[in-house]
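Q: One structure follows; several queries about it will come next.
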Amino acid sequence: MSALLVFIVSAAAALVMVMLFGILLLRRWYQERRQQSDRANLAAITRSYMRRVAGQIDEDASAKWSDDLRLAAVSHIHLLLRGGERHRLMQMAELDGLLRATLARSRSWRTARRIDAIRLLQQFGSEACIARLREIFSRDRSMAARLEAAFALAAVYALPPPRETIRLLGIFERKVNRLDRALFRASAPDYPEQMALLLDDPISNEHRALIIDALGWSSDANALPLLEAASRSEYPEIRSAALQAAAQLALPSVEPWVMERLQDPVDFVRLQAANCCASLGLNDAIPALHLLLEDESLWVRLRAEHALEVLQYQWLNLDAKGLLA
């Protein structure tokens with residue numbers, strides 16, 4: 001009796017395994033067929049949108065194409081088009097109901113799907129999309145999704161004021177990272193005065209350097225006194241940030257205090273000063289840069305050598321233009 005029971009259990013287990021294996025094979029076969037069909041449909045959808053963008057007759061459009069495939073095609077085509085053609089593509093996508101589908105996807109319980117939707121909302125760029133991006137930025141449960149929404153807003157020039165960005169992302173409550181630097185630089189052109197006001201807050205030197213660096217991207221000459229004061233700070237990170245900002249602003253009035261920093265006691269500040277001299281084309285800095293060729297820091301020597309090469313190249317070009325004139 002026991003042998004019969006063992007046989008029955010073994011046979012049943014073997015049968016279940018065969019059935020599961022068959023299901024896996026069937027599933028694999030279906031997925032491969034589905035992928036082939038999706039690739040063919042994706043190519044057809046791409047051709048359809050390209051014809052519509054060009055104003056040509058499109059007789060191949062099919063109502064059976066899924067919104068997911070249409071969105072995939074639009075997201076790829078969007079990268080290839082510019083100007084009016086890109087605008088027309090997004091209009092057609094809205095007419096096809098893809099904006100509604102994207103807004104629905106942005107409320108998915110899966111973070112990955114919400115992030116995909118955020119990127120598509122950035123491409124649409126309409127007021128409804130910006131409003132939804134702001135909602136995600138302020139309320140989404142995932143910090144990754146909120147960061148993605150912040151960069152999408154920056155791409156469409158719709159970031160909120162700096163204090164709101166800082167509050168929502170908790171920037172002053174943690175260490176600075178590259179994403180923070182990118183967001184501050186994106187905010188600076190729209191909010192230069194508010195960025196300057198942040199310097200009056202009781203914040204760490206690391207965050208103060210972040211703000212000083214961002215002011216260089218503001219294109220605002222009113223930031224120059226702040227940068228000059230920062231260049232004489234007792235903290236080397238702030239002095240270095242002031243030099244990076246000066247190089248980005250590219251205004252000639254920064255020359256005196258930029259050259260002062262070529263004799264800075266901290267090597268990475270001298271390095272930034274050499275870079276800044278090269279970026280600004282400060283020929284008066286050539287003697288000081290020659291002295292840095294004997295600097296104790298290898299990196300400072302290399303940057304000084306590079307700066308001299310840049311300045312010499314610029315001088316030769318100017319001299320050649322003068323002779324041709």
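The chains in the structure tokens are called A, B, ... from first to last as shown; in each chain the residues are counted from 1, and the ligands are counted from 1 in the order shown.
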For stretch 199-214 of chain A, list every protein, DNA or RNA residue within 6 Å, evaluated using only C-alpha atoms, and leave out those in the same chain fewer than 4 positions away; present the list as a ChimeraX atom specification.

A: /A:184-185,188,238,241-242,245

Q: So which residues of stretch 108-247 of chain A fall under alpha helix (DSSP H) by DSSP, listed as a VMD selection string?

A: chain A and resid 111 to 124 127 to 139 143 to 155 162 to 169 178 to 187 192 to 197 205 to 215 224 to 230 236 to 247

Q: Those same residues - C-alpha atoms - I'd like them written as a compact mmCIF listing (two decimals), in the first residue's frame.

A:
# COMPACT_ATOMS: atom_id res chain seq x y z
CA THR A 111 7.53 53.95 -9.05
CA ALA A 112 9.19 52.91 -12.32
CA ARG A 113 5.98 53.56 -14.27
CA ARG A 114 5.52 56.94 -12.61
CA ILE A 115 9.08 57.91 -13.54
CA ASP A 116 8.47 56.86 -17.16
CA ALA A 117 5.33 59.00 -17.13
CA ILE A 118 7.26 61.97 -15.73
CA ARG A 119 9.65 61.85 -18.68
CA LEU A 120 6.74 61.79 -21.10
CA LEU A 121 5.01 64.66 -19.29
CA GLN A 122 8.20 66.67 -19.75
CA GLN A 123 8.02 66.02 -23.48
CA PHE A 124 4.38 67.12 -23.72
CA GLU A 127 0.12 73.43 -18.62
CA ALA A 128 -1.68 70.26 -17.55
CA CYS A 129 1.62 68.36 -17.63
CA ILE A 130 3.45 71.04 -15.65
CA ALA A 131 0.67 71.05 -13.06
CA ARG A 132 0.93 67.26 -12.68
CA LEU A 133 4.73 67.45 -12.47
CA ARG A 134 4.44 69.99 -9.67
CA GLU A 135 2.03 67.70 -7.86
CA ILE A 136 4.44 64.77 -8.13
CA PHE A 137 7.35 66.97 -7.05
CA SER A 138 5.54 68.08 -3.91
CA ARG A 139 3.59 64.98 -2.89
CA MET A 143 12.08 60.57 -3.47
CA ALA A 144 13.35 59.19 -6.80
CA ALA A 145 10.10 60.22 -8.50
CA ARG A 146 10.19 63.64 -6.86
CA LEU A 147 13.74 64.21 -8.05
CA GLU A 148 12.78 63.13 -11.56
CA ALA A 149 9.86 65.58 -11.47
CA ALA A 150 12.19 68.35 -10.29
CA PHE A 151 14.50 67.85 -13.25
CA ALA A 152 11.53 67.65 -15.62
CA LEU A 153 10.32 71.01 -14.28
CA ALA A 154 13.81 72.43 -14.72
CA ALA A 155 13.85 71.25 -18.33
CA PRO A 162 14.55 77.99 -4.46
CA ARG A 163 13.20 77.89 -0.92
CA GLU A 164 10.35 75.63 -2.03
CA THR A 165 12.77 73.30 -3.82
CA ILE A 166 14.97 73.20 -0.74
CA ARG A 167 12.01 72.48 1.54
CA LEU A 168 10.49 69.76 -0.62
CA LEU A 169 13.76 67.92 -1.20
CA ARG A 178 25.59 66.66 -7.83
CA LEU A 179 21.83 66.64 -8.32
CA ASP A 180 21.47 69.51 -5.85
CA ARG A 181 24.11 71.47 -7.73
CA ALA A 182 22.32 70.92 -11.03
CA LEU A 183 18.96 72.03 -9.58
CA PHE A 184 20.44 75.18 -8.04
CA ARG A 185 22.12 76.07 -11.32
CA ALA A 186 18.81 75.61 -13.12
CA SER A 187 17.02 77.86 -10.60
CA PRO A 192 18.91 85.35 -8.79
CA GLU A 193 17.67 87.66 -6.02
CA GLN A 194 16.16 84.80 -4.03
CA MET A 195 19.34 82.76 -4.43
CA ALA A 196 21.31 85.68 -2.99
CA LEU A 197 18.89 85.94 -0.04
CA ASN A 205 29.59 76.21 4.46
CA GLU A 206 28.98 73.32 2.07
CA HIS A 207 25.53 74.67 1.22
CA ARG A 208 26.83 78.23 1.08
CA ALA A 209 29.37 77.12 -1.53
CA LEU A 210 26.51 75.47 -3.46
CA ILE A 211 24.64 78.78 -3.64
CA ILE A 212 27.76 80.76 -4.61
CA ASP A 213 28.43 78.30 -7.42
CA ALA A 214 24.82 78.61 -8.66
CA LEU A 215 25.04 82.41 -8.82
CA LEU A 224 29.58 90.08 -8.57
CA PRO A 225 29.95 91.74 -5.13
CA LEU A 226 28.76 88.51 -3.49
CA LEU A 227 31.25 86.46 -5.50
CA GLU A 228 34.10 88.82 -4.68
CA ALA A 229 33.28 88.64 -0.96
CA ALA A 230 33.08 84.84 -1.22
CA PRO A 236 38.40 77.19 0.79
CA GLU A 237 35.27 75.46 -0.59
CA ILE A 238 33.52 78.83 -0.79
CA ARG A 239 36.54 80.49 -2.43
CA SER A 240 36.67 77.69 -4.99
CA ALA A 241 32.94 78.03 -5.70
CA ALA A 242 33.37 81.77 -6.26
CA LEU A 243 36.02 81.07 -8.89
CA GLN A 244 33.81 78.55 -10.67
CA ALA A 245 30.98 81.08 -10.67
CA ALA A 246 33.26 83.82 -12.01
CA ALA A 247 34.35 81.60 -14.88

Q: Excluding stretch 92-95 of chain A and any residue of its chain fewer than 6 positions from it, enumerate the residues within 9 Å of it, using only C-alpha atoms, and give them as a ChimeraX atom specification.

A: /A:49,52-53,70-71,74,124

Q: Could you please take those selected residues and save N, CA, C and O atoms as a PDB file, in the first residue's frame?

A:
ATOM      1  N   TYR A  49       3.199  58.395 -37.572  1.00  0.00           N
ATOM      2  CA  TYR A  49       3.395  59.724 -36.974  1.00  0.00           C
ATOM      3  C   TYR A  49       4.278  60.604 -37.853  1.00  0.00           C
ATOM      4  O   TYR A  49       4.036  61.820 -37.967  1.00  0.00           O
ATOM      5  N   ARG A  52       2.159  62.010 -40.550  1.00  0.00           N
ATOM      6  CA  ARG A  52       1.244  63.033 -40.050  1.00  0.00           C
ATOM      7  C   ARG A  52       1.977  64.330 -39.722  1.00  0.00           C
ATOM      8  O   ARG A  52       1.446  65.425 -39.956  1.00  0.00           O
ATOM      9  N   VAL A  53       3.167  64.216 -39.184  1.00  0.00           N
ATOM     10  CA  VAL A  53       3.962  65.418 -38.889  1.00  0.00           C
ATOM     11  C   VAL A  53       4.291  66.167 -40.170  1.00  0.00           C
ATOM     12  O   VAL A  53       4.280  67.406 -40.218  1.00  0.00           O
ATOM     13  N   ARG A  70       2.019  53.430 -28.713  1.00  0.00           N
ATOM     14  CA  ARG A  70       2.016  54.789 -29.248  1.00  0.00           C
ATOM     15  C   ARG A  70       2.945  55.695 -28.438  1.00  0.00           C
ATOM     16  O   ARG A  70       3.697  56.495 -28.994  1.00  0.00           O
ATOM     17  N   LEU A  71       2.875  55.571 -27.116  1.00  0.00           N
ATOM     18  CA  LEU A  71       3.743  56.386 -26.253  1.00  0.00           C
ATOM     19  C   LEU A  71       5.219  56.051 -26.477  1.00  0.00           C
ATOM     20  O   LEU A  71       6.067  56.945 -26.486  1.00  0.00           O
ATOM     21  N   VAL A  74       6.221  57.722 -29.747  1.00  0.00           N
ATOM     22  CA  VAL A  74       6.320  59.189 -29.604  1.00  0.00           C
ATOM     23  C   VAL A  74       7.577  59.577 -28.832  1.00  0.00           C
ATOM     24  O   VAL A  74       8.268  60.536 -29.179  1.00  0.00           O
ATOM     25  N   PHE A 124       5.609  66.429 -23.336  1.00  0.00           N
ATOM     26  CA  PHE A 124       4.381  67.124 -23.724  1.00  0.00           C
ATOM     27  C   PHE A 124       4.488  68.612 -23.380  1.00  0.00           C
ATOM     28  O   PHE A 124       4.205  69.469 -24.206  1.00  0.00           O
TER      29      PHE A 124
END
